[in-house]
file entry-v6.txt (compact mmCIF, C-alpha atoms)
# COMPACT_ATOMS: atom_id res chain seq x y z
CA MET V 1 -2.37 58.30 33.53
CA SER V 2 -4.73 55.35 33.63
CA ASP V 3 -6.72 57.07 36.35
CA ALA V 4 -7.37 59.94 33.96
CA LEU V 5 -8.91 57.60 31.36
CA SER V 6 -12.61 57.22 31.26
CA THR V 7 -14.33 53.86 31.30
CA LEU V 8 -15.07 54.09 27.60
CA GLN V 9 -11.48 54.83 26.79
CA ARG V 10 -10.36 51.88 28.89
CA SER V 11 -12.81 49.67 27.07
CA VAL V 12 -11.49 50.77 23.70
CA LEU V 13 -7.95 50.17 24.81
CA GLU V 14 -8.94 46.75 26.06
CA LYS V 15 -10.51 45.98 22.70
CA TYR V 16 -7.32 47.04 20.95
CA ARG V 17 -5.35 44.76 23.22
CA THR V 18 -7.66 41.90 22.33
CA LEU V 19 -7.27 42.77 18.66
CA ALA V 20 -3.49 42.74 18.99
CA ASP V 21 -3.65 39.35 20.71
CA CYS V 22 -5.84 38.00 17.92
CA LEU V 23 -3.43 39.24 15.29
CA HIS V 24 -0.50 37.70 17.14
CA GLU V 25 -2.32 34.37 17.34
CA LEU V 26 -3.12 34.59 13.65
CA ASN V 27 0.52 35.24 12.89
CA ASP V 28 1.56 32.27 15.02
CA THR V 29 -0.93 30.04 13.25
CA LEU V 30 0.31 31.08 9.83
CA VAL V 31 3.93 30.63 10.85
CA GLU V 32 3.12 27.18 12.19
CA LEU V 33 1.35 26.25 8.96
CA ASN V 34 4.32 27.45 6.93
CA THR V 35 6.97 25.70 8.98
CA ASP V 36 5.22 22.37 9.54
CA SER V 37 6.57 19.85 7.06
CA ASP V 38 3.21 18.13 6.73
CA THR V 39 1.36 21.29 5.76
CA ASN V 40 4.09 23.24 4.06
CA PRO V 41 2.47 24.98 1.07
CA GLU V 42 5.76 25.04 -0.82
CA GLN V 43 5.98 21.26 -0.79
CA VAL V 44 2.34 20.94 -1.78
CA LEU V 45 2.94 23.36 -4.63
CA ALA V 46 6.02 21.44 -5.75
CA GLN V 47 4.02 18.22 -5.83
CA MET V 48 1.22 19.89 -7.76
CA ARG V 49 3.72 21.16 -10.32
CA GLU V 50 5.09 17.63 -10.62
CA ILE V 51 1.55 16.37 -11.20
CA GLU V 52 1.08 19.02 -13.88
CA VAL V 53 4.17 17.87 -15.75
CA LYS V 54 3.27 14.21 -15.43
CA ILE V 55 -0.29 14.77 -16.63
CA ALA V 56 1.10 16.49 -19.73
CA LEU V 57 3.41 13.52 -20.28
CA VAL V 58 0.56 11.05 -19.84
CA GLY V 59 -1.55 13.02 -22.31
CA THR V 60 1.24 12.95 -24.88
CA LEU V 61 1.79 9.22 -24.42
CA LEU V 62 -1.94 8.55 -24.71
CA LYS V 63 -2.15 10.56 -27.92
CA GLY V 64 0.83 8.67 -29.28
CA SER V 65 -0.74 5.32 -28.42
CA VAL V 66 -4.05 6.22 -30.05
CA TYR V 67 -2.26 7.55 -33.12
CA SER V 68 -0.19 4.36 -33.38
CA LEU V 69 -3.31 2.21 -33.07
CA VAL V 70 -5.15 4.18 -35.76
CA LEU V 71 -2.11 3.97 -38.01
CA GLN V 72 -1.85 0.22 -37.55
CA ARG V 73 -5.53 -0.24 -38.41
CA ASN V 74 -5.20 1.88 -41.51
CA MET V 75 -2.15 -0.07 -42.61
CA GLY V 76 -3.98 -3.33 -41.94
CA LYS V 77 -6.87 -2.19 -44.11
CA GLN V 78 -4.68 -0.93 -46.92
CA ALA V 79 -2.38 -3.94 -47.03
CA PRO V 80 -3.44 -6.52 -49.64
CA GLY V 81 -4.96 -9.48 -47.85
CA GLY V 82 -4.32 -7.81 -44.53
CA LYS V 83 -6.97 -8.02 -41.90
CA ALA V 84 -8.21 -5.06 -39.95
CA LYS V 85 -7.44 -5.63 -36.29
CA MET K 1 9.55 37.71 5.74
CA ASN K 2 8.36 36.56 9.12
CA ALA K 3 11.19 38.35 10.84
CA ASN K 4 10.31 41.54 8.99
CA GLY K 5 6.66 41.12 9.88
CA GLU K 6 7.51 40.61 13.51
CA ALA K 7 9.83 43.56 13.41
CA ASN K 8 7.14 45.67 11.81
CA GLY K 9 4.61 44.38 14.31
CA GLY K 10 6.94 45.33 17.18
CA VAL K 11 7.43 48.82 15.84
CA ASP K 12 3.74 49.22 15.26
CA SER K 13 2.79 48.08 18.72
CA ALA K 14 5.44 50.31 20.26
CA ALA K 15 4.22 53.24 18.22
CA LEU K 16 0.67 52.44 19.20
CA ASP K 17 1.65 52.26 22.85
CA GLU K 18 3.09 55.72 22.51
CA LEU K 19 0.44 57.16 20.26
CA ILE K 20 -2.70 56.11 22.03
CA PRO K 21 -1.92 57.80 25.38
CA GLN K 22 -0.81 60.87 23.47
CA ILE K 23 -4.08 61.00 21.63
CA PHE K 24 -6.02 60.64 24.82
CA ASP K 25 -3.87 63.25 26.52
CA GLN K 26 -4.42 65.59 23.63
CA MET K 27 -8.12 64.99 23.73
CA ARG K 28 -8.19 65.57 27.46
CA THR K 29 -6.13 68.74 27.09
CA ASN K 30 -8.49 70.05 24.45
CA GLN K 31 -11.37 69.23 26.69
CA LEU K 32 -9.80 71.06 29.64
CA ASP K 33 -8.59 74.06 27.65
CA GLY K 34 -11.78 74.59 25.76
CA SER K 35 -14.70 76.44 27.25
CA GLY K 36 -18.43 76.20 26.97
CA ALA K 37 -20.11 74.43 24.09
CA ALA K 38 -16.91 73.87 22.12
CA ALA K 39 -15.30 71.87 24.91
CA TRP K 40 -18.48 69.94 25.50
CA GLY K 41 -18.79 69.31 21.76
CA THR K 42 -15.24 67.94 21.55
CA ALA K 43 -15.95 65.59 24.43
CA ALA K 44 -19.21 64.54 22.81
CA VAL K 45 -17.45 63.86 19.50
CA SER K 46 -14.75 61.93 21.25
CA THR K 47 -17.31 59.82 23.05
CA ALA K 48 -19.20 59.19 19.85
CA THR K 49 -15.98 58.37 18.06
CA LEU K 50 -14.96 56.03 20.82
CA LEU K 51 -18.32 54.34 20.79
CA LYS K 52 -18.16 53.87 17.04
CA GLU K 53 -14.61 52.62 17.26
CA MET K 54 -15.56 50.14 19.95
CA GLU K 55 -18.47 48.94 17.85
CA GLN K 56 -16.18 48.36 14.87
CA LEU K 57 -13.68 46.59 17.08
CA ASP K 58 -16.47 44.38 18.33
CA GLN K 59 -17.14 43.45 14.72
CA ILE K 60 -13.52 42.89 13.77
CA ILE K 61 -12.34 40.86 16.73
CA PRO K 62 -14.80 37.92 16.39
CA VAL K 63 -13.99 37.70 12.70
CA LEU K 64 -10.29 37.47 13.43
CA GLN K 65 -10.88 34.93 16.19
CA GLN K 66 -12.99 32.79 13.89
CA LEU K 67 -10.41 33.08 11.11
CA ASN K 68 -7.65 32.03 13.46
CA GLU K 69 -9.72 29.12 14.72
CA SER K 70 -10.52 27.97 11.20
CA LEU K 71 -6.92 28.20 10.14
CA ARG K 72 -5.75 26.31 13.18
CA ARG K 73 -8.33 23.54 12.95
CA SER K 74 -9.18 23.03 9.29
CA THR K 75 -6.40 24.42 7.16
CA GLY K 76 -3.67 22.22 8.55
CA GLU K 77 -5.81 19.13 8.14
CA ASN K 78 -6.87 20.16 4.65
CA LEU K 79 -3.32 20.92 3.58
CA SER K 80 -2.16 17.60 4.95
CA ARG K 81 -4.95 15.83 3.06
CA ILE K 82 -4.05 17.73 -0.12
CA ARG K 83 -0.45 16.66 0.26
CA ARG K 84 -1.41 13.01 0.73
CA THR K 85 -3.66 13.24 -2.31
CA CYS K 86 -0.85 14.76 -4.35
CA GLU K 87 1.47 11.95 -3.35
CA ALA K 88 -1.12 9.34 -4.32
CA VAL K 89 -1.75 11.08 -7.65
CA ASN K 90 1.98 11.18 -8.29
CA ARG K 91 2.25 7.45 -7.69
CA VAL K 92 -0.70 6.75 -9.98
CA LEU K 93 0.81 8.91 -12.71
CA ASP K 94 4.18 7.20 -12.35
CA THR K 95 2.50 3.83 -12.80
CA TRP K 96 0.49 5.12 -15.74
CA ILE K 97 3.62 6.47 -17.41
CA LYS K 98 5.38 3.14 -16.89
CA ILE K 99 2.44 1.31 -18.46
CA GLN K 100 2.21 3.65 -21.42
CA SER K 101 5.92 3.64 -22.04
CA GLN K 102 5.56 -0.11 -22.67
CA ALA K 103 2.59 0.41 -24.99
CA GLY K 104 4.46 -0.66 -28.13
CA TYR K 105 5.68 -3.86 -26.53
CA VAL K 106 2.21 -4.58 -25.14
CA GLY K 107 0.71 -3.96 -28.58
CA GLU K 108 3.08 -6.50 -30.10
CA LEU K 109 2.18 -8.97 -27.37
CA MET K 110 -1.51 -8.51 -28.01
CA ASP K 111 -0.95 -9.45 -31.64
CA ASP K 112 1.22 -12.43 -30.76
CA SER K 113 -0.83 -15.62 -31.09
CA GLU K 114 1.72 -17.57 -29.05
CA TYR K 115 1.40 -15.19 -26.13
CA LEU K 116 -2.38 -15.11 -26.42
CA SER K 117 -2.59 -18.90 -26.30
CA TYR K 118 -0.23 -18.87 -23.33
CA MET K 119 -2.46 -16.41 -21.52
CA GLU K 120 -5.56 -18.31 -22.52
CA LYS K 121 -4.25 -21.58 -21.14
CA THR K 122 -2.55 -20.39 -18.00
CA ARG K 123 -4.89 -17.55 -16.92
CA GLY K 124 -2.28 -16.24 -14.52
CA ASP K 125 -2.00 -19.47 -12.54
CA GLU K 126 1.62 -20.13 -11.69
CA GLY K 127 1.25 -23.92 -11.70
CA GLN K 128 -0.39 -23.84 -15.09
CA GLN K 129 2.30 -21.52 -16.36
CA GLN K 130 4.99 -23.97 -15.32
CA ALA K 131 3.05 -26.89 -16.83
CA TYR K 132 2.59 -24.96 -20.07
CA MET K 133 6.27 -24.08 -20.25
CA GLU K 134 7.19 -27.68 -19.49
CA SER K 135 4.94 -28.97 -22.28
CA LEU K 136 6.48 -26.44 -24.66
CA ARG K 137 9.97 -27.59 -23.65
CA LYS K 138 8.98 -31.20 -24.31
CA GLN K 139 7.60 -30.25 -27.72
CA VAL K 140 10.80 -28.42 -28.55
CA GLU K 141 12.90 -31.38 -27.42
CA GLU K 142 10.76 -33.74 -29.50
CA LEU K 143 11.09 -31.54 -32.56
CA ARG K 144 14.82 -31.23 -32.05
CA ARG K 145 15.15 -34.98 -31.74
CA LYS K 146 13.15 -35.47 -34.93
CA VAL K 147 15.31 -32.98 -36.75
CA ASP K 148 18.45 -34.77 -35.60
CA GLU K 149 17.06 -38.11 -36.72
CA ARG K 150 16.08 -36.69 -40.11
CA ARG K 151 19.51 -35.21 -40.55
CA ALA K 152 21.15 -38.48 -39.62
CA VAL K 153 18.98 -40.35 -42.15
CA GLU K 154 19.77 -37.84 -44.87
CA ALA K 155 23.45 -37.96 -44.07
CA ALA K 156 23.39 -41.77 -44.19
CA ALA K 157 21.58 -41.68 -47.52
CA ALA K 158 23.97 -39.16 -48.98
CA ALA K 159 27.15 -40.88 -47.76
CA PRO K 160 27.44 -43.72 -50.45
CA ARG K 161 26.99 -41.26 -53.30
CA ALA K 162 29.72 -39.01 -52.19
CA PRO K 163 32.68 -41.02 -53.67
CA GLU K 164 30.96 -41.20 -57.07
CA ARG K 165 30.78 -37.51 -57.26
CA THR K 166 34.29 -36.77 -56.21
CA ARG K 167 36.26 -39.71 -57.48
CA GLY K 168 36.40 -41.72 -60.65
CA ALA K 169 35.73 -45.40 -61.06
CA SER K 170 39.25 -46.23 -59.99
CA GLY K 171 38.96 -44.21 -56.88
CA ILE K 172 41.52 -41.74 -58.09
CA PRO K 173 40.30 -38.20 -58.18
CA ARG K 174 39.71 -36.84 -61.59
CA GLY K 175 41.69 -34.00 -62.91
CA GLY K 176 40.31 -30.66 -62.15
CA SER K 177 37.96 -29.43 -64.76
CA ARG K 178 39.39 -25.98 -64.35
CA ILE K 179 42.74 -27.17 -65.53
CA THR K 180 41.28 -28.81 -68.62
CA LYS K 181 39.20 -25.82 -69.41
CA ARG K 182 41.98 -23.38 -69.09
CA GLY K 183 43.55 -22.22 -72.27
CA GLY K 184 47.10 -23.15 -71.28
CA THR K 185 49.44 -24.91 -73.67
CA THR K 186 49.90 -27.85 -71.41
CA VAL K 187 46.24 -28.76 -71.56
CA ARG K 188 46.13 -28.36 -75.27
CA GLY K 189 49.21 -30.42 -75.58
CA ARG K 190 47.74 -33.14 -73.42
CA ARG K 191 44.63 -33.22 -75.52
CA MET K 192 46.72 -33.43 -78.63
CA PHE K 193 48.66 -36.41 -77.29
CA ARG K 194 45.45 -38.21 -76.47
call {"tool": "encode", "arguments": {"input": "entry-v6.txt", "output": "structure tokens"}}
result
Amino acid sequence: MSDALSTLQRSVLEKYRTLADCLHELNDTLVELNTDSDTNPEQVLAQMREIEVKIALVGTLLKGSVYSLVLQRNMGKQAPGGKAK
Amino acid sequence: MNANGEANGGVDSAALDELIPQIFDQMRTNQLDGSGAAAWGTAAVSTATLLKEMEQLDQIIPVLQQLNESLRRSTGENLSRIRRTCEAVNRVLDTWIKIQSQAGYVGELMDDSEYLSYMEKTRGDEGQQQAYMESLRKQVEELRRKVDERRAVEAAAAAPRAPERTRGASGIPRGGSRITKRGGTTVRGRRMFR
């Protein structure tokens, strides 16, 4: 059957074979990226979620600290004979 | 998901292996069966189609090769760097949370003159810290000794007066004032006899 194919047809088939090889290599690369523990996107995502939660916690603690400081200053000003810190 | 993809890829490649020769056979059959201009036109269209297809494949294949190369070289390194960065950020945030959770205690310390003088004098030097603590211990011992002496002096001064308060001139304890103040008949009787 291959004898009946023209040169152009053989070239197209060869290109398709190259394309299939490229796609297989791409698949292998993606599988390797997904399975490698150092580059596993799931672990990176888990750590980024952890960072998200911690940043929210840090923001809340910072707001609480600033609020406490402002409150202490106001109380120091309002107290008779108290000094503003 | 990978298994499904591989399974699908296997089916697709198998189907392609079967389909492509069939298509070429069909095209060749059409070319052989047809006559005159129609057959020549079909062959011309097929050639043009093949040429266009090959041109598009020539455009697609380098893109895929470059994509694969980029993924293989850069993405792994970048993902690894992102992961290391995430770990470092996590550590920094843990430390920050620990610091801020002690904010109230630190605020009290910053208002504590004793602690501020301690920090001013020691400045983080361990030897100076020990010397400062030792001097404070000596001060405390001195104060404690003075307090003991003062107490001893006061106790000695108060000791001679104690019998006068509790006993009469004869040394015999006086009768309880409660008894005399009570409204009992005995007390009244005693007063009457006196």
call {"tool": "residues_around", "arguments": {"input": "entry-v6.txt", "residues": "Glu25 in chain V", "least_positions_apart": "4", "cutoff": "10 Å", "atoms": "all atoms listed in the file", "output": "number ranges by chain"}}
result
V: 19-21, 29-31; K: 64-65, 68-69, 72
call {"tool": "write_last_selection", "arguments": {"input": "entry-v6.txt", "atoms": "C-alpha atoms", "output": "PDB file, keeping the file's coordinate frame"}}
result
ATOM      1  CA  LEU V  19      -7.270  42.770  18.660  1.00  0.00           C
ATOM      2  CA  ALA V  20      -3.490  42.740  18.990  1.00  0.00           C
ATOM      3  CA  ASP V  21      -3.650  39.350  20.710  1.00  0.00           C
ATOM      4  CA  THR V  29      -0.930  30.040  13.250  1.00  0.00           C
ATOM      5  CA  LEU V  30       0.310  31.080   9.830  1.00  0.00           C
ATOM      6  CA  VAL V  31       3.930  30.630  10.850  1.00  0.00           C
TER       7      VAL V  31
ATOM      8  CA  LEU K  64     -10.290  37.470  13.430  1.00  0.00           C
ATOM      9  CA  GLN K  65     -10.880  34.930  16.190  1.00  0.00           C
ATOM     10  CA  ASN K  68      -7.650  32.030  13.460  1.00  0.00           C
ATOM     11  CA  GLU K  69      -9.720  29.120  14.720  1.00  0.00           C
ATOM     12  CA  ARG K  72      -5.750  26.310  13.180  1.00  0.00           C
TER      13      ARG K  72
END
call {"tool": "interface_residues", "arguments": {"input": "entry-v6.txt", "of": "chain V", "to": "chain K", "cutoff": "9 Å", "atoms": "all atoms listed in the file", "output": "short mmCIF file (atom, residue, chain, number, x, y, z; two decimals) with C-alpha atoms, keeping the file's coordinate frame"}}
result
data_model
loop_
_atom_site.label_atom_id
_atom_site.label_comp_id
_atom_site.auth_asym_id
_atom_site.auth_seq_id
_atom_site.Cartn_x
_atom_site.Cartn_y
_atom_site.Cartn_z
CA MET V 1 -2.37 58.30 33.53
CA ALA V 4 -7.37 59.94 33.96
CA LEU V 5 -8.91 57.60 31.36
CA LEU V 8 -15.07 54.09 27.60
CA GLN V 9 -11.48 54.83 26.79
CA SER V 11 -12.81 49.67 27.07
CA VAL V 12 -11.49 50.77 23.70
CA LEU V 13 -7.95 50.17 24.81
CA LYS V 15 -10.51 45.98 22.70
CA TYR V 16 -7.32 47.04 20.95
CA THR V 18 -7.66 41.90 22.33
CA LEU V 19 -7.27 42.77 18.66
CA ALA V 20 -3.49 42.74 18.99
CA CYS V 22 -5.84 38.00 17.92
CA LEU V 23 -3.43 39.24 15.29
CA HIS V 24 -0.50 37.70 17.14
CA GLU V 25 -2.32 34.37 17.34
CA LEU V 26 -3.12 34.59 13.65
CA ASN V 27 0.52 35.24 12.89
CA THR V 29 -0.93 30.04 13.25
CA LEU V 30 0.31 31.08 9.83
CA VAL V 31 3.93 30.63 10.85
CA GLU V 32 3.12 27.18 12.19
CA LEU V 33 1.35 26.25 8.96
CA ASP V 36 5.22 22.37 9.54
CA ASP V 38 3.21 18.13 6.73
CA THR V 39 1.36 21.29 5.76
CA ASN V 40 4.09 23.24 4.06
CA PRO V 41 2.47 24.98 1.07
CA GLN V 43 5.98 21.26 -0.79
CA VAL V 44 2.34 20.94 -1.78
CA LEU V 45 2.94 23.36 -4.63
CA GLN V 47 4.02 18.22 -5.83
CA MET V 48 1.22 19.89 -7.76
CA GLU V 50 5.09 17.63 -10.62
CA ILE V 51 1.55 16.37 -11.20
CA LYS V 54 3.27 14.21 -15.43
CA ILE V 55 -0.29 14.77 -16.63
CA LEU V 57 3.41 13.52 -20.28
CA VAL V 58 0.56 11.05 -19.84
CA LEU V 61 1.79 9.22 -24.42
CA LEU V 62 -1.94 8.55 -24.71
CA SER V 65 -0.74 5.32 -28.42
CA SER V 68 -0.19 4.36 -33.38
CA LEU V 69 -3.31 2.21 -33.07
CA LYS V 85 -7.44 -5.63 -36.29
#
call {"tool": "atom_distance", "arguments": {"input": "entry-v6.txt", "atom1": "CA of Gln129 in chain K", "atom2": "CA of Leu143 in chain K"}}
result
21.0 Å
call {"tool": "residues_around", "arguments": {"input": "entry-v6.txt", "residues": "range 131-133 of chain K", "least_positions_apart": "4", "cutoff": "10 Å", "atoms": "all atoms listed in the file", "output": "ChimeraX atom specification"}}
result
/K:118,121-122,125-127,137-139
call {"tool": "atom_distance", "arguments": {"input": "entry-v6.txt", "atom1": "CA of Asp17 in chain K", "atom2": "CA of Arg17 in chain V"}}
result
10.3 Å
call {"tool": "closest_residue", "arguments": {"input": "entry-v6.txt", "among": "K:Ala157, K:Leu136, K:Thr29, K:Gln59", "to": "Glu114 in chain K", "atoms": "only C-alpha atoms"}}
result
K:Leu136
call {"tool": "atom_distance", "arguments": {"input": "entry-v6.txt", "atom1": "CA of Met75 in chain V", "atom2": "CA of Tyr115 in chain K"}}
result
22.6 Å
